[in-house]
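K.L.:
Take this structure, written in structure tokens, and hold onto it; I'll ask about it next.
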Amino acid sequence: MKEAQIELTHVKKYFEITKGIIKQKKTYVKAVDDVTMTINKGEIVGLVGESGSGKTTLARVILNLTKPTGGTVIFDHVDLSKATKQEKKEFHTKVSVVFQDPASNLNPRETVQSSIMRPLVIHGVPKAEAREKAKETLDMVKMDQRYLNSYPHQLSGGQLQRIAIARALAMNPKIMILDEPTSALDVSVQAQILNLLLDLQEKFNLTYLVITHDLNVIRYISDKIAVMYLGRLVEFGPTEEVTQNPKHPYTQGLMAAAPILDPHLRGRKEYIMKGEPGSLVNLPEGCHFHPRCPFATDRCKTTAPGGYLLSDEHKVACHLCEQEAVGIDREVFPDSTK
Ligand SMILES: Nc1ncnc2c1ncn2[C@@H]1O[C@H](COP(=O)(O)OP(=O)(O)OP(=O)(O)O)[C@@H](O)[C@H]1O
Ligand SMILES: [Mg+2]
């Protein structure tokens, strides 16, 4: 039986911006616009979407680094907006993050050992114990103990990323959010880091949310794929279903744009996506994707599509899928007209 670890319900994050010098007008960047999804315990969910589609913002909302404009984030059955101080503290020990740029994860003036120890000490772990933990986590990421006294500038990109992962692991997290964990690395090091992440996930039954542009990484590592377009979730489902039979025209376009390594996946129904991603400030009416969609109908231009269920776990927000849908998820897309 699958148990929910993170439940996002109608999560929104709008950034206020002012336009004009004399007559100042308030507008909003709708970076995350009504995202509802559940990540179950022990699952690896890959989050994809073009640059600026709101992936990092969504991760920041989940990490409680920024307050959502609307909606709820429930972590292990606790609503973060109503959590007590103690519950928030527990949350911060359960969730760890690894950012895209290995160097930005670490303080250049701190040794590897102090970098790994710092979050532990902040959370009240005695120094001697934290020092032991630093050694232990370095073992977990298969790095030699001699690196404990190294500074970030003395390490390669792959080593830095291993240290960042070690630092994230030191707190014994339940969930790791990895924002482009391998995009700054060359392909052979990428493979090592991905294999390491998979090993660790299996060993500690961790839950991962992996954000990446690289669909081959997602295919390799994740159980489920979530696809975002201009702040909205357009498709969410098991990796195999979504990659072999992408339903949303945006997902199909993304798949077509990526070089496919898996020969089984070549020759799917796909097309080359045209046009630029739209603006999060002047969002199109109806389906956000309709100006770029070769299959758009008049309905797509006026009505936001509902969450159509293609199977128990495969959801898609596209009117074209209405006929083959086995149901509708009103929780996901409440504006649905079906
Ligand atoms: N603090 C902020 N203030 C104003 N706008 C912001 C802020 N943070 C993010 N945005 C805007 O929100 C949108 C989504 O940004 P986000 O970083 O979440 O995208 P992303 O999908 O992670 O992109 P990338 O793949 O390039 O990392 C962008 O248009 C960005 O400019
Ligand atoms: Mg980002």
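Residue numbering restarts at 1 in every chain; chains get A, B, ... in the order shown in the structure tokens, and ligands count up from 1 in that same order.
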Would you please give, as number ranges by chain, all residues of segment 208-326 of chain A that DSSP assigns to strand (DSSP E) based on the backbone?

P.N.:
A: 208-211, 224-229, 232-238, 308-309, 315-316

K.L.:
Residues near segment 156-163 of chain A, anyone? I mean within 10 Å using only C-alpha atoms, not counting same-chain ones fewer than 5 positions away, as a tab-separated table (two decimals) with all heavy atoms, in the first residue's frame.

P.N.:
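Written out: result09.tsv:
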chain	number	residue	atom	x	y	z
A	98	VAL	N	19.80	19.18	-2.62
A	98	VAL	CA	21.08	19.31	-3.34
A	98	VAL	C	20.80	20.19	-4.54
A	98	VAL	O	19.93	19.89	-5.35
A	98	VAL	CB	21.61	17.93	-3.80
A	98	VAL	CG1	22.88	18.09	-4.62
A	98	VAL	CG2	21.87	17.02	-2.61
A	99	PHE	N	21.54	21.29	-4.63
A	99	PHE	CA	21.30	22.21	-5.74
A	99	PHE	C	22.16	21.87	-6.94
A	99	PHE	O	23.13	21.11	-6.85
A	99	PHE	CB	21.54	23.65	-5.30
A	99	PHE	CG	20.48	24.15	-4.36
A	99	PHE	CD1	20.77	24.38	-3.02
A	99	PHE	CD2	19.19	24.37	-4.80
A	99	PHE	CE1	19.80	24.83	-2.14
A	99	PHE	CE2	18.20	24.81	-3.93
A	99	PHE	CZ	18.51	25.04	-2.60
A	100	GLN	N	21.81	22.53	-8.04
A	100	GLN	CA	22.41	22.29	-9.36
A	100	GLN	C	23.92	22.49	-9.39
A	100	GLN	O	24.67	21.64	-9.86
A	100	GLN	CB	21.74	23.25	-10.32
A	100	GLN	CG	22.34	23.32	-11.69
A	100	GLN	CD	21.49	24.20	-12.59
A	100	GLN	OE1	20.51	24.80	-12.17
A	100	GLN	NE2	21.85	24.27	-13.84
A	101	ASP	N	24.35	23.63	-8.87
A	101	ASP	CA	25.75	23.99	-9.00
A	101	ASP	C	26.50	23.44	-7.78
A	101	ASP	O	26.29	23.89	-6.67
A	101	ASP	CB	25.83	25.52	-9.07
A	101	ASP	CG	27.27	26.00	-9.06
A	101	ASP	OD1	28.16	25.16	-9.26
A	101	ASP	OD2	27.48	27.20	-8.83
A	102	PRO	N	27.41	22.46	-7.99
A	102	PRO	CA	28.06	21.84	-6.84
A	102	PRO	C	28.71	22.87	-5.92
A	102	PRO	O	28.64	22.75	-4.71
A	102	PRO	CB	29.10	20.93	-7.46
A	102	PRO	CG	28.75	20.75	-8.88
A	102	PRO	CD	27.90	21.92	-9.27
A	103	ALA	N	29.32	23.90	-6.52
A	103	ALA	CA	30.04	24.88	-5.71
A	103	ALA	C	29.09	25.65	-4.79
A	103	ALA	O	29.44	25.99	-3.66
A	103	ALA	CB	30.81	25.82	-6.59
A	104	SER	N	27.83	25.90	-5.27
A	104	SER	CA	26.93	26.74	-4.47
A	104	SER	C	26.38	25.98	-3.26
A	104	SER	O	25.78	26.56	-2.37
A	104	SER	CB	25.77	27.24	-5.33
A	104	SER	OG	24.91	26.15	-5.62
A	105	ASN	N	26.56	24.67	-3.24
A	105	ASN	CA	26.08	23.89	-2.10
A	105	ASN	C	26.99	24.01	-0.88
A	105	ASN	O	26.61	23.66	0.22
A	105	ASN	CB	26.00	22.40	-2.48
A	105	ASN	CG	24.80	22.10	-3.36
A	105	ASN	OD1	23.67	22.30	-2.96
A	105	ASN	ND2	25.06	21.64	-4.57
A	106	LEU	N	28.24	24.47	-1.13
A	106	LEU	CA	29.22	24.46	-0.04
A	106	LEU	C	29.85	25.84	0.15
A	106	LEU	O	29.99	26.61	-0.80
A	106	LEU	CB	30.33	23.45	-0.39
A	106	LEU	CG	29.86	22.01	-0.66
A	106	LEU	CD1	30.95	21.22	-1.34
A	106	LEU	CD2	29.44	21.34	0.62
A	112	VAL	N	35.54	20.26	4.00
A	112	VAL	CA	34.47	19.29	3.76
A	112	VAL	C	33.87	18.85	5.10
A	112	VAL	O	32.65	18.79	5.27
A	112	VAL	CB	35.05	18.08	2.99
A	112	VAL	CG1	34.12	16.90	3.03
A	112	VAL	CG2	35.38	18.48	1.55
A	113	GLN	N	34.76	18.58	6.07
A	113	GLN	CA	34.27	18.12	7.36
A	113	GLN	C	33.33	19.13	8.02
A	113	GLN	O	32.24	18.78	8.45
A	113	GLN	CB	35.46	17.82	8.28
A	113	GLN	CG	35.03	17.42	9.67
A	113	GLN	CD	36.09	16.59	10.35
A	113	GLN	OE1	36.38	15.47	9.93
A	113	GLN	NE2	36.70	17.13	11.37
A	115	SER	N	31.67	21.50	6.61
A	115	SER	CA	30.46	21.67	5.80
A	115	SER	C	29.43	20.59	6.12
A	115	SER	O	28.25	20.87	6.25
A	115	SER	CB	30.79	21.55	4.31
A	115	SER	OG	31.13	22.79	3.81
A	116	ILE	N	29.91	19.36	6.25
A	116	ILE	CA	28.98	18.26	6.54
A	116	ILE	C	28.47	18.36	7.99
A	116	ILE	O	27.31	18.09	8.27
A	116	ILE	CB	29.63	16.88	6.30
A	116	ILE	CG1	30.09	16.78	4.83
A	116	ILE	CG2	28.66	15.74	6.61
A	116	ILE	CD1	30.81	15.48	4.47
A	134	ALA	N	30.24	12.77	9.75
A	134	ALA	CA	30.87	13.29	8.54
A	134	ALA	C	31.69	12.18	7.87
A	134	ALA	O	31.65	11.99	6.65
A	134	ALA	CB	31.74	14.49	8.86
A	137	THR	N	29.29	9.51	6.35
A	137	THR	CA	28.60	9.89	5.10
A	137	THR	C	29.58	9.95	3.93
A	137	THR	O	29.21	9.68	2.80
A	137	THR	CB	27.87	11.25	5.22
A	137	THR	OG1	28.75	12.18	5.77
A	137	THR	CG2	26.62	11.14	6.05
A	138	LEU	N	30.85	10.27	4.24
A	138	LEU	CA	31.84	10.29	3.17
A	138	LEU	C	32.02	8.87	2.62
A	138	LEU	O	32.18	8.67	1.42
A	138	LEU	CB	33.17	10.84	3.71
A	138	LEU	CG	33.92	11.74	2.76
A	138	LEU	CD1	33.10	12.95	2.39
A	138	LEU	CD2	35.24	12.19	3.36
A	140	MET	N	29.64	6.64	2.63
A	140	MET	CA	28.42	6.35	1.87
A	140	MET	C	28.52	6.82	0.43
A	140	MET	O	28.02	6.20	-0.49
A	140	MET	CB	27.20	7.04	2.50
A	140	MET	CG	26.69	6.40	3.73
A	140	MET	SD	25.26	7.38	4.24
A	140	MET	CE	25.16	6.92	5.93
A	141	VAL	N	29.16	7.99	0.22
A	141	VAL	CA	29.27	8.51	-1.14
A	141	VAL	C	30.58	8.06	-1.80
A	141	VAL	O	31.00	8.60	-2.82
A	141	VAL	CB	29.10	10.05	-1.20
A	141	VAL	CG1	27.73	10.47	-0.73
A	141	VAL	CG2	30.19	10.77	-0.42
A	142	LYS	N	31.20	7.07	-1.18
A	142	LYS	CA	32.39	6.41	-1.71
A	142	LYS	C	33.55	7.38	-1.95
A	142	LYS	O	34.15	7.40	-3.02
A	142	LYS	CB	32.05	5.64	-2.98
A	142	LYS	CG	30.99	4.58	-2.75
A	142	LYS	CD	30.75	3.74	-3.97
A	142	LYS	CE	29.76	2.65	-3.72
A	142	LYS	NZ	28.39	3.03	-3.56
A	143	MET	N	33.79	8.23	-0.93
A	143	MET	CA	34.94	9.12	-1.02
A	143	MET	C	35.90	8.85	0.12
A	143	MET	O	35.48	8.52	1.24
A	143	MET	CB	34.50	10.58	-1.01
A	143	MET	CG	34.19	11.06	-2.41
A	143	MET	SD	33.82	12.79	-2.48
A	143	MET	CE	35.42	13.54	-2.33
A	147	TYR	N	39.68	13.44	2.17
A	147	TYR	CA	39.05	14.66	1.66
A	147	TYR	C	38.37	15.49	2.75
A	147	TYR	O	37.93	16.60	2.50
A	147	TYR	CB	38.01	14.31	0.57
A	147	TYR	CG	38.66	13.81	-0.69
A	147	TYR	CD1	38.54	12.48	-1.07
A	147	TYR	CD2	39.39	14.67	-1.51
A	147	TYR	CE1	39.14	11.99	-2.22
A	147	TYR	CE2	40.00	14.20	-2.66
A	147	TYR	CZ	39.87	12.87	-3.01
A	147	TYR	OH	40.48	12.41	-4.14
A	148	LEU	N	38.31	14.93	3.97
A	148	LEU	CA	37.64	15.67	5.07
A	148	LEU	C	38.25	17.04	5.29
A	148	LEU	O	37.56	17.99	5.64
A	148	LEU	CB	37.73	14.87	6.36
A	148	LEU	CG	36.74	13.70	6.49
A	148	LEU	CD1	37.08	12.85	7.70
A	148	LEU	CD2	35.31	14.22	6.60
A	151	TYR	N	39.27	21.79	0.93
A	151	TYR	CA	38.37	22.92	0.70
A	151	TYR	C	37.70	22.73	-0.67
A	151	TYR	O	38.28	22.06	-1.55
A	151	TYR	CB	39.15	24.23	0.75
A	151	TYR	CG	39.53	24.61	2.15
A	151	TYR	CD1	40.73	24.15	2.70
A	151	TYR	CD2	38.68	25.38	2.93
A	151	TYR	CE1	41.07	24.46	4.01
A	151	TYR	CE2	39.01	25.70	4.24
A	151	TYR	CZ	40.20	25.24	4.77
A	151	TYR	OH	40.53	25.55	6.07
A	168	ALA	N	23.80	16.35	2.53
A	168	ALA	CA	22.35	16.18	2.58
A	168	ALA	C	21.97	14.90	3.33
A	168	ALA	O	20.97	14.86	4.04
A	168	ALA	CB	21.78	16.16	1.16
A	169	LEU	N	22.80	13.87	3.19
A	169	LEU	CA	22.50	12.58	3.84
A	169	LEU	C	22.76	12.58	5.34
A	169	LEU	O	22.18	11.78	6.07
A	169	LEU	CB	23.38	11.48	3.24
A	169	LEU	CG	22.96	10.89	1.91
A	169	LEU	CD1	24.07	9.96	1.43
A	169	LEU	CD2	21.66	10.11	2.03
A	181	PRO	N	20.79	17.71	-10.30
A	181	PRO	CA	21.96	17.26	-9.55
A	181	PRO	C	23.16	16.90	-10.42
A	181	PRO	O	24.28	16.84	-9.92
A	181	PRO	CB	21.46	16.01	-8.83
A	181	PRO	CG	20.33	15.51	-9.65
A	181	PRO	CD	19.69	16.74	-10.25
A	182	THR	N	22.93	16.66	-11.71
A	182	THR	CA	24.07	16.21	-12.52
A	182	THR	C	24.32	17.08	-13.75
A	182	THR	O	25.21	16.77	-14.53
A	182	THR	CB	23.82	14.76	-13.03
A	182	THR	OG1	22.59	14.74	-13.75
A	182	THR	CG2	23.75	13.77	-11.90
A	184	ALA	N	25.74	19.88	-14.20
A	184	ALA	CA	27.03	20.55	-14.34
A	184	ALA	C	28.17	19.54	-14.53
A	184	ALA	O	29.34	19.93	-14.56
A	184	ALA	CB	27.29	21.41	-13.10
A	185	LEU	N	27.84	18.26	-14.64
A	185	LEU	CA	28.89	17.24	-14.67
A	185	LEU	C	29.00	16.59	-16.04
A	185	LEU	O	28.02	16.52	-16.78
A	185	LEU	CB	28.55	16.15	-13.64
A	185	LEU	CG	28.24	16.67	-12.23
A	185	LEU	CD1	27.76	15.53	-11.35
A	185	LEU	CD2	29.48	17.31	-11.62
A	186	ASP	N	30.18	16.05	-16.34
A	186	ASP	CA	30.27	15.37	-17.64
A	186	ASP	C	29.64	13.98	-17.54
A	186	ASP	O	29.38	13.47	-16.44
A	186	ASP	CB	31.68	15.38	-18.21
A	186	ASP	CG	32.66	14.66	-17.35
A	186	ASP	OD1	32.36	13.51	-17.00
A	186	ASP	OD2	33.70	15.23	-17.00
A	188	SER	N	30.28	10.76	-17.87
A	188	SER	CA	30.70	9.59	-17.08
A	188	SER	C	30.50	9.85	-15.59
A	188	SER	O	30.09	8.96	-14.84
A	188	SER	CB	32.16	9.27	-17.38
A	188	SER	OG	32.96	10.37	-17.05
A	189	VAL	N	30.76	11.10	-15.16
A	189	VAL	CA	30.56	11.41	-13.74
A	189	VAL	C	29.06	11.43	-13.41
A	189	VAL	O	28.63	10.98	-12.35
A	189	VAL	CB	31.23	12.78	-13.39
A	189	VAL	CG1	31.11	13.06	-11.91
A	189	VAL	CG2	32.68	12.78	-13.81
A	190	GLN	N	28.27	11.93	-14.38
A	190	GLN	CA	26.80	11.91	-14.22
A	190	GLN	C	26.33	10.52	-13.88
A	190	GLN	O	25.55	10.31	-12.95
A	190	GLN	CB	26.14	12.29	-15.55
A	190	GLN	CG	25.71	13.72	-15.62
A	190	GLN	CD	24.89	13.96	-16.87
A	190	GLN	OE1	24.18	13.08	-17.36
A	190	GLN	NE2	24.97	15.16	-17.39
A	192	GLN	N	27.97	8.03	-12.62
A	192	GLN	CA	28.40	7.59	-11.27
A	192	GLN	C	27.47	8.18	-10.20
A	192	GLN	O	27.05	7.50	-9.28
A	192	GLN	CB	29.80	8.10	-10.97
A	192	GLN	CG	30.89	7.41	-11.74
A	192	GLN	CD	32.22	8.13	-11.53
A	192	GLN	OE1	32.40	8.89	-10.58
A	192	GLN	NE2	33.17	7.88	-12.41
A	193	ILE	N	27.17	9.47	-10.35
A	193	ILE	CA	26.33	10.13	-9.34
A	193	ILE	C	24.92	9.54	-9.36
A	193	ILE	O	24.31	9.30	-8.31
A	193	ILE	CB	26.29	11.67	-9.57
A	193	ILE	CG1	27.69	12.27	-9.45
A	193	ILE	CG2	25.29	12.36	-8.64
A	193	ILE	CD1	28.23	12.43	-8.05
A	196	LEU	N	24.95	6.24	-7.73
A	196	LEU	CA	25.09	6.44	-6.29
A	196	LEU	C	23.73	6.81	-5.68
A	196	LEU	O	23.32	6.26	-4.65
A	196	LEU	CB	26.11	7.56	-6.04
A	196	LEU	CG	26.24	8.06	-4.61
A	196	LEU	CD1	26.86	6.98	-3.73
A	196	LEU	CD2	27.11	9.31	-4.55
A	197	LEU	N	23.04	7.72	-6.34
A	197	LEU	CA	21.72	8.14	-5.83
A	197	LEU	C	20.75	6.96	-5.78
A	197	LEU	O	20.00	6.80	-4.81
A	197	LEU	CB	21.13	9.26	-6.69
A	197	LEU	CG	21.81	10.63	-6.53
A	197	LEU	CD1	21.30	11.61	-7.57
A	197	LEU	CD2	21.56	11.18	-5.12

K.L.:
Write out, as JSON lines, each residue of chain A that has an atom at most 9 Å from ligand 2, together with the closest pair of atoms and their distance in Å to one decimal, counting only C-alpha atoms and all ligand atoms, rows going by chain and rising number.

P.N.:
{"residue": "A:Ser51", "atom": "CA", "partner": "ligand 2", "partner_atom_place_in_ligand_line": "1 (Mg)", "distance": 6.8}
{"residue": "A:Gly52", "atom": "CA", "partner": "ligand 2", "partner_atom_place_in_ligand_line": "1 (Mg)", "distance": 7.0}
{"residue": "A:Ser53", "atom": "CA", "partner": "ligand 2", "partner_atom_place_in_ligand_line": "1 (Mg)", "distance": 8.3}
{"residue": "A:Gly54", "atom": "CA", "partner": "ligand 2", "partner_atom_place_in_ligand_line": "1 (Mg)", "distance": 7.1}
{"residue": "A:Lys55", "atom": "CA", "partner": "ligand 2", "partner_atom_place_in_ligand_line": "1 (Mg)", "distance": 5.6}
{"residue": "A:Thr56", "atom": "CA", "partner": "ligand 2", "partner_atom_place_in_ligand_line": "1 (Mg)", "distance": 4.1}
{"residue": "A:Thr57", "atom": "CA", "partner": "ligand 2", "partner_atom_place_in_ligand_line": "1 (Mg)", "distance": 7.3}
{"residue": "A:Ala59", "atom": "CA", "partner": "ligand 2", "partner_atom_place_in_ligand_line": "1 (Mg)", "distance": 8.8}
{"residue": "A:Gln100", "atom": "CA", "partner": "ligand 2", "partner_atom_place_in_ligand_line": "1 (Mg)", "distance": 8.2}
{"residue": "A:Asp179", "atom": "CA", "partner": "ligand 2", "partner_atom_place_in_ligand_line": "1 (Mg)", "distance": 6.8}
{"residue": "A:Glu180", "atom": "CA", "partner": "ligand 2", "partner_atom_place_in_ligand_line": "1 (Mg)", "distance": 7.6}
{"residue": "A:Ile211", "atom": "CA", "partner": "ligand 2", "partner_atom_place_in_ligand_line": "1 (Mg)", "distance": 7.7}
{"residue": "A:Thr212", "atom": "CA", "partner": "ligand 2", "partner_atom_place_in_ligand_line": "1 (Mg)", "distance": 8.3}

K.L.:
Create the file for the chosen residues now, containing N, CA, C and O atoms and written as a PDB file, in the first residue's frame.

P.N.:
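Once written, again30.pdb looks like this:
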ATOM      1  N   SER A  51      12.969  25.738 -19.176  1.00  0.00           N
ATOM      2  CA  SER A  51      13.476  26.740 -18.262  1.00  0.00           C
ATOM      3  C   SER A  51      12.381  27.769 -17.956  1.00  0.00           C
ATOM      4  O   SER A  51      11.691  28.218 -18.853  1.00  0.00           O
ATOM      5  N   GLY A  52      12.239  28.092 -16.690  1.00  0.00           N
ATOM      6  CA  GLY A  52      11.255  29.101 -16.294  1.00  0.00           C
ATOM      7  C   GLY A  52       9.864  28.543 -16.083  1.00  0.00           C
ATOM      8  O   GLY A  52       8.914  29.304 -15.855  1.00  0.00           O
ATOM      9  N   SER A  53       9.707  27.221 -16.118  1.00  0.00           N
ATOM     10  CA  SER A  53       8.346  26.675 -15.968  1.00  0.00           C
ATOM     11  C   SER A  53       7.921  26.574 -14.497  1.00  0.00           C
ATOM     12  O   SER A  53       6.786  26.203 -14.217  1.00  0.00           O
ATOM     13  N   GLY A  54       8.823  26.888 -13.568  1.00  0.00           N
ATOM     14  CA  GLY A  54       8.437  26.939 -12.151  1.00  0.00           C
ATOM     15  C   GLY A  54       8.925  25.761 -11.323  1.00  0.00           C
ATOM     16  O   GLY A  54       8.510  25.608 -10.175  1.00  0.00           O
ATOM     17  N   LYS A  55       9.856  24.981 -11.841  1.00  0.00           N
ATOM     18  CA  LYS A  55      10.299  23.769 -11.140  1.00  0.00           C
ATOM     19  C   LYS A  55      11.016  24.098  -9.820  1.00  0.00           C
ATOM     20  O   LYS A  55      10.695  23.549  -8.774  1.00  0.00           O
ATOM     21  N   THR A  56      11.994  25.005  -9.918  1.00  0.00           N
ATOM     22  CA  THR A  56      12.750  25.350  -8.702  1.00  0.00           C
ATOM     23  C   THR A  56      11.834  26.040  -7.695  1.00  0.00           C
ATOM     24  O   THR A  56      11.924  25.796  -6.492  1.00  0.00           O
ATOM     25  N   THR A  57      10.932  26.885  -8.199  1.00  0.00           N
ATOM     26  CA  THR A  57      10.011  27.568  -7.285  1.00  0.00           C
ATOM     27  C   THR A  57       9.159  26.542  -6.547  1.00  0.00           C
ATOM     28  O   THR A  57       8.958  26.648  -5.330  1.00  0.00           O
ATOM     29  N   ALA A  59       9.995  23.494  -5.884  1.00  0.00           N
ATOM     30  CA  ALA A  59      10.879  22.830  -4.916  1.00  0.00           C
ATOM     31  C   ALA A  59      11.064  23.718  -3.689  1.00  0.00           C
ATOM     32  O   ALA A  59      11.046  23.239  -2.554  1.00  0.00           O
ATOM     33  N   GLN A 100      21.811  22.526  -8.043  1.00  0.00           N
ATOM     34  CA  GLN A 100      22.414  22.287  -9.355  1.00  0.00           C
ATOM     35  C   GLN A 100      23.925  22.488  -9.393  1.00  0.00           C
ATOM     36  O   GLN A 100      24.667  21.644  -9.864  1.00  0.00           O
ATOM     37  N   ASP A 179      17.898  19.362  -7.299  1.00  0.00           N
ATOM     38  CA  ASP A 179      17.597  20.293  -8.388  1.00  0.00           C
ATOM     39  C   ASP A 179      18.756  20.248  -9.391  1.00  0.00           C
ATOM     40  O   ASP A 179      19.834  20.763  -9.107  1.00  0.00           O
ATOM     41  N   GLU A 180      18.536  19.615 -10.521  1.00  0.00           N
ATOM     42  CA  GLU A 180      19.561  19.447 -11.551  1.00  0.00           C
ATOM     43  C   GLU A 180      20.856  18.892 -10.942  1.00  0.00           C
ATOM     44  O   GLU A 180      21.913  19.523 -11.064  1.00  0.00           O
ATOM     45  N   ILE A 211      14.752  17.182 -10.115  1.00  0.00           N
ATOM     46  CA  ILE A 211      14.427  18.169 -11.147  1.00  0.00           C
ATOM     47  C   ILE A 211      15.527  18.118 -12.189  1.00  0.00           C
ATOM     48  O   ILE A 211      16.709  18.183 -11.845  1.00  0.00           O
ATOM     49  N   THR A 212      15.157  17.979 -13.436  1.00  0.00           N
ATOM     50  CA  THR A 212      16.193  17.977 -14.477  1.00  0.00           C
ATOM     51  C   THR A 212      15.628  18.337 -15.844  1.00  0.00           C
ATOM     52  O   THR A 212      14.448  18.186 -16.105  1.00  0.00           O
TER      53      THR A 212
END

K.L.:
DSSP on the backbone: what in segment 140-321 of chain A comes out alpha helix (DSSP H), as an MDAnalysis selection string?

P.N.:
chainID A and resid 140 157:169 187:204 215:221 239:244 249:257 298:302

K.L.:
Could you give me, as CSV, every chain A residue with an atom at most 12 Å from ligand 1, plus its closest atom pair and distance in Å to one decimal, counting only C-alpha atoms and all ligand atoms, rows ordered by chain then number?

P.N.:
residue,atom,partner,partner_atom_place_in_ligand_line,distance
A:Lys12,CA,ligand 1,12 (O),11.4
A:Lys13,CA,ligand 1,12 (O),8.6
A:Tyr14,CA,ligand 1,5 (N),8.0
A:Phe15,CA,ligand 1,4 (C),5.0
A:Glu16,CA,ligand 1,4 (C),6.9
A:Ile17,CA,ligand 1,4 (C),7.1
A:Thr18,CA,ligand 1,4 (C),10.7
A:Thr27,CA,ligand 1,4 (C),10.9
A:Tyr28,CA,ligand 1,5 (N),8.6
A:Val29,CA,ligand 1,5 (N),6.1
A:Lys30,CA,ligand 1,12 (O),6.9
A:Ala31,CA,ligand 1,12 (O),4.3
A:Val32,CA,ligand 1,14 (C),7.4
A:Asp33,CA,ligand 1,14 (C),10.6
A:Leu47,CA,ligand 1,21 (O),9.3
A:Val48,CA,ligand 1,21 (O),8.0
A:Gly49,CA,ligand 1,21 (O),6.4
A:Glu50,CA,ligand 1,25 (O),5.8
A:Ser51,CA,ligand 1,25 (O),3.4
A:Gly52,CA,ligand 1,19 (O),3.4
A:Ser53,CA,ligand 1,21 (O),3.9
A:Gly54,CA,ligand 1,18 (O),3.2
A:Lys55,CA,ligand 1,21 (O),3.8
A:Thr56,CA,ligand 1,22 (O),3.7
A:Thr57,CA,ligand 1,18 (O),3.7
A:Leu58,CA,ligand 1,18 (O),6.4
A:Ala59,CA,ligand 1,18 (O),8.0
A:Arg60,CA,ligand 1,18 (O),8.3
A:Val61,CA,ligand 1,18 (O),9.9
A:Leu65,CA,ligand 1,1 (N),11.0
A:Thr66,CA,ligand 1,1 (N),9.0
A:Lys67,CA,ligand 1,1 (N),11.3
A:Phe99,CA,ligand 1,27 (O),10.3
A:Gln100,CA,ligand 1,27 (O),8.7
A:Asp101,CA,ligand 1,27 (O),11.1
A:Leu178,CA,ligand 1,22 (O),11.7
A:Asp179,CA,ligand 1,27 (O),8.1
A:Glu180,CA,ligand 1,27 (O),8.1
A:Pro181,CA,ligand 1,27 (O),11.6
A:Ser183,CA,ligand 1,25 (O),10.8
A:Val210,CA,ligand 1,22 (O),11.7
A:Ile211,CA,ligand 1,22 (O),8.2
A:Thr212,CA,ligand 1,25 (O),7.5
A:His213,CA,ligand 1,25 (O),6.8
A:Asp214,CA,ligand 1,25 (O),10.5
A:Val227,CA,ligand 1,21 (O),10.5
A:Met228,CA,ligand 1,21 (O),8.0
A:Tyr229,CA,ligand 1,21 (O),8.6
A:Leu230,CA,ligand 1,14 (C),8.0
A:Gly231,CA,ligand 1,14 (C),7.3
A:Arg232,CA,ligand 1,21 (O),10.7
A:Leu233,CA,ligand 1,21 (O),11.6
A:Pro277,CA,ligand 1,29 (O),10.5
A:Gly278,CA,ligand 1,29 (O),10.0
A:Ser279,CA,ligand 1,29 (O),7.6
A:Leu280,CA,ligand 1,29 (O),6.1
A:Val281,CA,ligand 1,29 (O),8.3
A:Asn282,CA,ligand 1,29 (O),11.3
A:Leu283,CA,ligand 1,29 (O),11.6

K.L.:
Please write the residues from the selection above to a file, keeping C-alpha atoms, as a compact mmCIF listing (two decimals), in the first residue's frame.

P.N.:
# COMPACT_ATOMS: atom_id res chain seq x y z
CA LYS A 12 0.34 28.54 -6.06
CA LYS A 13 3.32 30.83 -5.90
CA TYR A 14 2.90 34.25 -7.46
CA PHE A 15 5.64 36.88 -7.37
CA GLU A 16 4.45 40.46 -7.32
CA ILE A 17 6.12 42.82 -9.76
CA THR A 18 5.40 46.50 -10.43
CA THR A 27 1.19 42.35 -11.85
CA TYR A 28 2.16 38.84 -10.93
CA VAL A 29 4.58 36.24 -12.20
CA LYS A 30 2.59 33.05 -11.76
CA ALA A 31 5.59 30.78 -11.27
CA VAL A 32 3.49 27.95 -9.79
CA ASP A 33 -0.16 28.00 -10.69
CA LEU A 47 10.14 16.87 -12.54
CA VAL A 48 10.72 18.18 -16.05
CA GLY A 49 9.79 21.28 -18.00
CA GLU A 50 11.44 24.06 -19.95
CA SER A 51 13.48 26.74 -18.26
CA GLY A 52 11.26 29.10 -16.29
CA SER A 53 8.35 26.67 -15.97
CA GLY A 54 8.44 26.94 -12.15
CA LYS A 55 10.30 23.77 -11.14
CA THR A 56 12.75 25.35 -8.70
CA THR A 57 10.01 27.57 -7.29
CA LEU A 58 7.89 24.49 -6.61
CA ALA A 59 10.88 22.83 -4.92
CA ARG A 60 11.41 25.93 -2.78
CA VAL A 61 7.76 25.85 -1.72
CA LEU A 65 11.99 28.20 1.86
CA THR A 66 9.21 30.35 0.47
CA LYS A 67 5.56 30.63 1.48
CA PHE A 99 21.30 22.21 -5.74
CA GLN A 100 22.41 22.29 -9.36
CA ASP A 101 25.75 23.99 -9.00
CA LEU A 178 17.71 17.27 -6.11
CA ASP A 179 17.60 20.29 -8.39
CA GLU A 180 19.56 19.45 -11.55
CA PRO A 181 21.96 17.26 -9.55
CA SER A 183 23.68 18.91 -15.16
CA VAL A 210 14.63 15.04 -9.03
CA ILE A 211 14.43 18.17 -11.15
CA THR A 212 16.19 17.98 -14.48
CA HIS A 213 16.15 19.10 -18.08
CA ASP A 214 17.60 15.78 -19.13
CA VAL A 227 5.80 17.55 -16.52
CA MET A 228 5.36 21.27 -15.89
CA TYR A 229 4.50 23.95 -18.42
CA LEU A 230 4.22 27.63 -17.48
CA GLY A 231 3.56 26.97 -13.82
CA ARG A 232 1.08 24.13 -14.30
CA LEU A 233 1.40 20.39 -14.10
CA PRO A 277 7.65 29.23 -24.02
CA GLY A 278 5.12 31.97 -23.21
CA SER A 279 5.35 34.55 -20.46
CA LEU A 280 4.30 33.80 -16.89
CA VAL A 281 3.04 37.39 -16.64
CA ASN A 282 0.69 37.45 -19.64
CA LEU A 283 -0.52 33.90 -19.56
